[in-house]
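Novice: Okay, so here is work.cif, and as you'll see once you scroll down, it has mmCIF, C-alpha atoms and all ligand atoms.
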data_work
loop_
_atom_site.label_atom_id
_atom_site.label_comp_id
_atom_site.auth_asym_id
_atom_site.auth_seq_id
_atom_site.Cartn_x
_atom_site.Cartn_y
_atom_site.Cartn_z
CA MET A 1 247.74 -60.73 -4.01
CA ALA A 2 248.99 -59.81 -0.59
CA ARG A 3 246.59 -59.49 2.31
CA THR A 4 245.24 -56.00 2.34
CA ARG A 5 245.63 -54.18 5.63
CA ARG A 6 243.38 -51.38 6.67
CA ASP A 7 246.39 -49.14 7.35
CA ALA A 8 248.07 -49.95 4.03
CA PRO A 9 245.29 -50.24 1.48
CA GLU A 10 247.46 -49.46 -1.54
CA ALA A 11 250.43 -51.63 -0.52
CA PRO A 12 252.12 -53.23 -3.52
CA ASP A 13 252.20 -56.98 -3.80
CA PRO A 14 255.59 -57.95 -2.35
CA THR A 15 255.83 -60.95 -4.64
CA VAL A 16 255.78 -58.64 -7.65
CA HIS A 17 257.57 -55.49 -6.55
CA SER A 18 261.17 -55.78 -5.48
CA GLY A 19 263.09 -53.35 -3.35
CA ASN A 20 260.55 -52.95 -0.53
CA TYR A 21 261.61 -56.00 1.44
CA ARG A 22 264.72 -57.56 2.87
CA GLU A 23 265.40 -61.25 3.04
CA ILE A 24 266.02 -62.57 6.54
CA GLY A 25 266.56 -66.26 5.91
CA PRO A 26 267.75 -68.79 3.37
CA ARG A 27 266.23 -69.13 -0.08
CA ARG A 28 264.61 -72.54 -0.44
CA CYS A 29 263.76 -74.51 -3.55
CA SER A 30 260.00 -74.27 -4.07
CA VAL A 31 259.91 -77.95 -5.06
CA HIS A 32 262.23 -79.57 -2.49
CA GLY A 33 262.16 -77.05 0.37
CA VAL A 34 265.93 -77.25 0.87
CA SER A 35 268.22 -74.23 1.05
CA VAL A 36 269.91 -73.43 -2.23
CA THR A 37 273.62 -72.73 -2.35
CA THR A 38 274.63 -69.13 -1.83
CA ASP A 39 278.24 -69.09 -2.94
CA GLY A 40 280.65 -70.65 -5.36
CA GLU A 41 280.22 -70.86 -9.07
CA ALA A 42 276.56 -71.80 -8.99
CA PRO A 43 274.57 -69.73 -6.48
CA GLY A 44 270.97 -70.89 -6.34
CA TRP A 45 271.76 -74.56 -6.99
CA CYS A 46 269.36 -77.14 -5.49
CA THR A 47 271.31 -80.30 -4.73
CA PRO A 48 268.45 -82.86 -4.57
CA GLY A 49 266.93 -81.37 -7.72
CA ALA A 50 270.30 -81.20 -9.50
CA GLY A 51 269.31 -77.87 -11.00
CA PHE A 52 268.42 -74.26 -10.35
CA PRO A 53 264.86 -73.94 -8.99
CA VAL A 54 262.56 -71.97 -11.25
CA ALA A 55 261.09 -70.45 -8.08
CA TYR A 56 262.15 -70.19 -4.46
CA THR A 57 260.68 -69.11 -1.15
CA VAL A 58 262.40 -66.83 1.31
CA PRO A 59 261.40 -65.34 4.67
CA ALA A 60 261.52 -61.57 4.49
CA ILE A 61 260.53 -58.36 6.21
CA VAL A 62 258.29 -56.24 4.02
CA THR A 63 258.18 -52.55 4.80
CA TRP A 64 254.84 -51.15 3.70
CA PRO A 65 254.55 -47.59 2.38
CA GLY A 66 253.23 -46.48 5.77
CA GLY A 67 256.46 -47.65 7.40
CA GLN A 68 255.08 -50.79 9.07
CA ASP A 69 257.20 -53.92 8.94
CA GLN A 70 255.61 -57.30 8.33
CA ARG A 71 257.24 -60.70 8.36
CA VAL A 72 256.24 -62.72 5.29
CA LEU A 73 257.27 -65.75 3.26
CA LEU A 74 257.87 -64.62 -0.30
CA ALA A 75 257.68 -66.82 -3.37
CA ARG A 76 259.78 -65.49 -6.22
CA ARG A 77 261.03 -66.56 -9.62
CA THR A 78 264.76 -67.20 -9.70
CA ASP A 79 266.95 -64.86 -11.71
CA CYS A 80 269.71 -66.43 -13.77
CA SER A 81 272.73 -67.27 -11.62
CA PHE A 82 275.32 -66.30 -14.20
CA ALA A 83 276.95 -63.09 -15.35
CA CYS A 84 277.63 -62.03 -18.92
CA PRO A 85 281.25 -62.87 -19.85
CA ILE A 86 281.46 -59.61 -21.79
CA CYS A 87 279.79 -56.93 -19.63
CA ARG A 88 279.32 -58.83 -16.31
CA GLU A 89 275.62 -57.91 -16.09
CA PRO A 90 273.21 -60.75 -15.21
CA LEU A 91 272.35 -63.10 -18.04
CA THR A 92 268.89 -64.47 -18.76
CA TRP A 93 268.36 -68.23 -18.48
CA ASP A 94 268.44 -68.57 -22.27
CA GLY A 95 272.03 -67.31 -22.22
CA GLY A 96 271.12 -63.87 -23.52
CA CYS A 97 272.34 -60.54 -22.19
CA ASP A 98 269.85 -57.66 -22.24
CA GLU A 99 272.67 -55.20 -21.63
CA CYS A 100 275.29 -55.84 -24.35
CA HIS A 101 273.46 -58.50 -26.43
CA GLY A 102 276.61 -60.57 -26.30
CA SER A 103 278.52 -58.11 -28.43
CA LYS A 104 281.34 -55.65 -27.92
CA THR A 105 279.63 -53.49 -30.55
CA PRO A 106 275.96 -53.80 -29.56
CA SER A 107 274.86 -50.97 -31.85
CA ASP A 108 275.57 -53.37 -34.74
CA ARG A 109 272.85 -56.03 -34.58
CA THR A 110 274.72 -58.34 -36.92
CA THR A 111 277.23 -58.94 -34.09
CA TRP A 112 274.67 -59.96 -31.45
CA THR A 113 275.06 -63.35 -29.76
CA PHE A 114 273.80 -65.35 -26.82
CA PRO A 115 277.02 -65.03 -24.79
CA GLY A 116 276.09 -67.53 -22.08
CA ASP A 117 274.99 -71.15 -21.85
CA ARG A 118 271.30 -71.88 -22.27
CA TYR A 119 269.40 -73.37 -19.35
CA GLY A 120 265.92 -74.77 -19.89
CA ASP A 121 263.14 -75.43 -17.38
CA TYR A 122 261.76 -78.17 -19.61
CA GLU A 123 262.98 -81.59 -20.66
CA GLU A 124 264.19 -82.16 -24.20
CA THR A 125 263.99 -85.75 -25.41
CA GLU A 126 266.44 -87.33 -27.86
CA ASP A 127 264.11 -86.66 -30.77
CA GLY A 128 263.66 -83.01 -29.86
CA GLN A 129 260.34 -83.22 -28.02
CA MET A 130 259.80 -80.58 -25.36
CA LEU A 131 258.23 -81.86 -22.17
CA ALA A 132 257.18 -79.92 -19.10
CA GLY A 133 259.98 -79.76 -16.55
CA ASP A 134 260.03 -80.44 -12.83
CA GLY A 135 260.60 -76.87 -11.66
CA HIS A 136 264.35 -76.59 -12.17
CA HIS A 137 266.51 -74.91 -14.80
CA ARG A 138 269.14 -77.28 -16.16
CA PHE A 139 271.99 -76.91 -18.63
CA ALA A 140 270.73 -77.31 -22.19
CA GLU A 141 273.22 -75.83 -24.64
CA ARG A 142 276.71 -74.39 -24.56
CA GLY A 143 277.23 -70.72 -25.44
CA PRO A 144 278.14 -68.44 -27.01
CA ARG A 145 275.66 -68.99 -29.82
CA PRO A 146 274.72 -66.78 -32.76
CA VAL A 147 271.34 -65.08 -32.85
CA ALA A 148 269.16 -65.48 -35.92
CA THR A 149 270.21 -63.32 -38.83
CA GLU A 150 267.80 -60.58 -39.79
CA ALA A 151 266.64 -62.61 -42.81
CA GLU A 152 266.00 -65.67 -40.61
CA ALA A 153 264.18 -63.56 -38.06
CA LEU A 154 262.01 -61.89 -40.67
CA ALA A 155 261.17 -65.28 -42.19
CA ALA A 156 260.14 -66.55 -38.75
CA PHE A 157 258.13 -63.39 -38.18
CA ALA A 158 256.36 -63.88 -41.51
CA ALA A 159 255.54 -67.47 -40.48
CA ILE A 160 253.99 -66.20 -37.26
CA LYS A 161 251.94 -63.61 -39.11
CA GLN A 162 250.71 -66.36 -41.41
CA ALA A 163 249.79 -68.52 -38.42
CA VAL A 164 247.94 -65.62 -36.83
CA VAL A 165 246.08 -64.89 -40.05
CA ALA A 166 245.16 -68.58 -40.34
CA VAL A 167 243.90 -68.61 -36.77
CA GLU A 168 241.93 -65.42 -37.30
CA ALA A 169 240.44 -66.83 -40.51
CA ARG A 170 239.12 -69.82 -38.59
CA GLY A 171 237.25 -67.46 -36.31
CA PRO A 172 237.67 -66.52 -32.67
CA ARG A 173 236.07 -69.68 -31.25
CA LEU A 174 238.62 -71.83 -33.01
CA ALA A 175 241.64 -69.68 -32.18
CA PRO A 176 243.85 -71.72 -29.88
CA ALA A 177 246.36 -69.47 -28.17
CA ALA A 178 248.79 -72.40 -28.19
CA ALA A 179 249.12 -72.29 -31.96
CA VAL A 180 250.40 -68.74 -31.85
CA THR A 181 252.59 -69.39 -28.84
CA GLU A 182 254.31 -72.32 -30.47
CA ALA A 183 255.04 -70.35 -33.60
CA ASP A 184 256.38 -67.56 -31.43
CA GLU A 185 259.07 -69.67 -29.75
CA PRO A 186 262.07 -69.48 -32.09
CA VAL A 187 261.90 -65.75 -32.73
CA PRO A 188 264.34 -63.46 -30.95
CA ALA A 189 262.71 -60.73 -28.91
CA TRP A 190 263.93 -57.88 -31.03
CA VAL A 191 262.13 -59.02 -34.15
CA THR A 192 258.86 -57.81 -32.66
CA SER A 193 260.06 -54.24 -33.16
CA PRO A 194 262.53 -54.01 -36.03
CA GLU A 195 262.40 -50.86 -38.04
CA GLY A 196 260.40 -51.30 -41.21
CA ASP A 197 258.60 -54.53 -40.39
CA ALA A 198 255.26 -54.58 -42.05
ZN ZN A 201 264.80 -78.44 -5.91
ZN ZN A 202 276.53 -58.50 -21.59
#
Show the structure stored in the file as structure tokens.
Ligand SMILES: [Zn+2]
Ligand SMILES: [Zn+2]

Specialist:
Amino acid sequence: MARTRRDAPEAPDPTVHSGNYREIGPRRCSVHGVSVTTDGEAPGWCTPGAGFPVAYTVPAIVTWPGGQDQRVLLARRTDCSFACPICREPLTWDGGCDECHGSKTPSDRTTWTFPGDRYGDYEETEDGQMLAGDGHHRFAERGPRPVATEAEALAAFAAIKQAVVAVEARGPRLAPAAAVTEADEPVPAWVTSPEGDA
């Protein structure tokens, strides 16, 4: 939380709210401290880390609601560097597009795709193990890729519900959040609100 000033008691946290500050210096990798690239095909690239930092720091001027300016060092999560090849809106790091869903006919869910490449901030071993990363997004899988079909998504959703029921049955003291989180991974976001799920 930002320092609270007597003259700006309700000031929003500048690390959470965008639009009330302007950057006045280079963005630096939060791991290596070096400036990331700002142009070319890969803006945001950290050369020593050979990847895109998950987070960066940047000096900025925050303008508080009262009109006062304050010089701060912001820490922010890095947005995906790439644009959707179909609609040109920013992609997410998993290669998804929240705007067109990777389809020229987005109203038809059966045509949805991940239009971009997937970048992961974790390490995947040869045998498919997922290990914690070192703070950089790196190329993981070429796009475009299909999304799960509705049947696949519903099957995954049913598996999650089963896992949740199993966890609940064991009682709250034995309910590890990780069990639910792991089951949650492969499910596309939209399956949490399809019409008619029960
Ligand atoms: Zn770095
Ligand atoms: Zn798009």

Novice: With distances taken over all atoms listed in the file, which residue among A:Arg145, A:Lys161, A:Arg138, A:Arg71 lies nearest ligand ZN 201 (chain A)?

Specialist: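 Nearest to ligand ZN 201 (chain A): A:Arg138.
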
Novice: Between A:Pro85, A:Gly135, A:Gly66, A:Pro146, which is the closest to ligand ZN 201 (chain A) once you count all atoms listed in the file?

Specialist: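 So, comparing all the options, the nearest one is A:Gly135.
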
Novice: Considering only C-alpha atoms and all ligand atoms, can you say which of A:Asn20, A:Thr78, A:Gln68, A:Thr113 comes closest to ligand ZN 201 (chain A)?

Specialist: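 Nearest to ligand ZN 201 (chain A): A:Thr78.
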
Novice: Just want the residues within 10 Å of ligand ZN 202 (chain A), written as JSON, numbers by chain, counting only C-alpha atoms and all ligand atoms.

Specialist: {"A": [83, 84, 85, 86, 87, 88, 89, 90, 91, 95, 96, 97, 98, 99, 100, 101, 102, 103, 104, 106, 113, 114, 115, 116]}

Novice: Write a file of the just-selected residues containing C-alpha atoms, as a compact mmCIF listing (two decimals), in the frame of the given file.

Specialist:
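Output (out.txt):
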# COMPACT_ATOMS: atom_id res chain seq x y z
CA ALA A 83 276.95 -63.09 -15.35
CA CYS A 84 277.63 -62.03 -18.92
CA PRO A 85 281.25 -62.87 -19.85
CA ILE A 86 281.46 -59.61 -21.79
CA CYS A 87 279.79 -56.93 -19.63
CA ARG A 88 279.32 -58.83 -16.31
CA GLU A 89 275.62 -57.91 -16.09
CA PRO A 90 273.21 -60.75 -15.21
CA LEU A 91 272.35 -63.10 -18.04
CA GLY A 95 272.03 -67.31 -22.22
CA GLY A 96 271.12 -63.87 -23.52
CA CYS A 97 272.34 -60.54 -22.19
CA ASP A 98 269.85 -57.66 -22.24
CA GLU A 99 272.67 -55.20 -21.63
CA CYS A 100 275.29 -55.84 -24.35
CA HIS A 101 273.46 -58.50 -26.43
CA GLY A 102 276.61 -60.57 -26.30
CA SER A 103 278.52 -58.11 -28.43
CA LYS A 104 281.34 -55.65 -27.92
CA PRO A 106 275.96 -53.80 -29.56
CA THR A 113 275.06 -63.35 -29.76
CA PHE A 114 273.80 -65.35 -26.82
CA PRO A 115 277.02 -65.03 -24.79
CA GLY A 116 276.09 -67.53 -22.08

Novice: Using all atoms listed in the file, which residues sit within 12 Å of Met130 of chain A once same-chain residues fewer than 2 positions away are excluded, as a PyMOL selection string?

Specialist: chain A and resi 120-128+132-133+140+182+185

Novice: Neighbours of ligand ZN 201 (chain A) within 8 Å, counting all atoms listed in the file, as a PDB file with C-alpha atoms, in the frame of the given file?

Specialist:
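This is the output file result.pdb:
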ATOM      1  CA  CYS A  29     263.760 -74.510  -3.550  1.00  0.00           C
ATOM      2  CA  SER A  30     260.000 -74.270  -4.070  1.00  0.00           C
ATOM      3  CA  VAL A  31     259.910 -77.950  -5.060  1.00  0.00           C
ATOM      4  CA  HIS A  32     262.230 -79.570  -2.490  1.00  0.00           C
ATOM      5  CA  GLY A  33     262.160 -77.050   0.370  1.00  0.00           C
ATOM      6  CA  VAL A  34     265.930 -77.250   0.870  1.00  0.00           C
ATOM      7  CA  CYS A  46     269.360 -77.140  -5.490  1.00  0.00           C
ATOM      8  CA  THR A  47     271.310 -80.300  -4.730  1.00  0.00           C
ATOM      9  CA  PRO A  48     268.450 -82.860  -4.570  1.00  0.00           C
ATOM     10  CA  GLY A  49     266.930 -81.370  -7.720  1.00  0.00           C
ATOM     11  CA  ALA A  50     270.300 -81.200  -9.500  1.00  0.00           C
ATOM     12  CA  GLY A  51     269.310 -77.870 -11.000  1.00  0.00           C
ATOM     13  CA  PHE A  52     268.420 -74.260 -10.350  1.00  0.00           C
ATOM     14  CA  PRO A  53     264.860 -73.940  -8.990  1.00  0.00           C
ATOM     15  CA  GLY A 135     260.600 -76.870 -11.660  1.00  0.00           C
ATOM     16  CA  HIS A 136     264.350 -76.590 -12.170  1.00  0.00           C
TER      17      HIS A 136
END

Novice: In the coordinates of the file, take the point (268.5, -73.3, 3.2) and a cut-off of 10 Å; then, counting all atoms listed in the file, name each qualifying protein, DNA or RNA residue as a list in words.

Specialist: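 With a cut-off of 10 Å, the residues come to Gly25, Pro26, Arg27, Arg28, Cys29, Gly33, Val34, Ser35, Val36, Thr37, Thr38, Cys46, Thr57 and Val58 of chain A.
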
Novice: Do you have the atom CA of Leu74 of chain A-atom CA of Tyr56 of chain A distance handy?

Specialist: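 Rounded to one decimal, the two atoms are 8.2 Å apart.
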
Novice: Mind checking which residues fall within 7 Å of Val72 of chain A, counting only C-alpha atoms, ignoring those fewer than 6 positions away in the same chain, and posting them as an MDAnalysis selection string?

Specialist: chainID A and resid 59:62

Novice: Mind giving me the straight-line distance from atom CA of Thr149 of chain A to atom CA of Thr110 of chain A in Å, one decimal?

Specialist: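 We find that atom CA of Thr149 of chain A and atom CA of Thr110 of chain A lie 7.0 Å from each other.
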
Novice: What's the separation between atom CA of Glu23 of chain A and atom CA of Thr63 of chain A, in Å to one decimal place?

Specialist: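 One can read the atom CA of Glu23 of chain A to atom CA of Thr63 of chain A distance as 11.4 Å.
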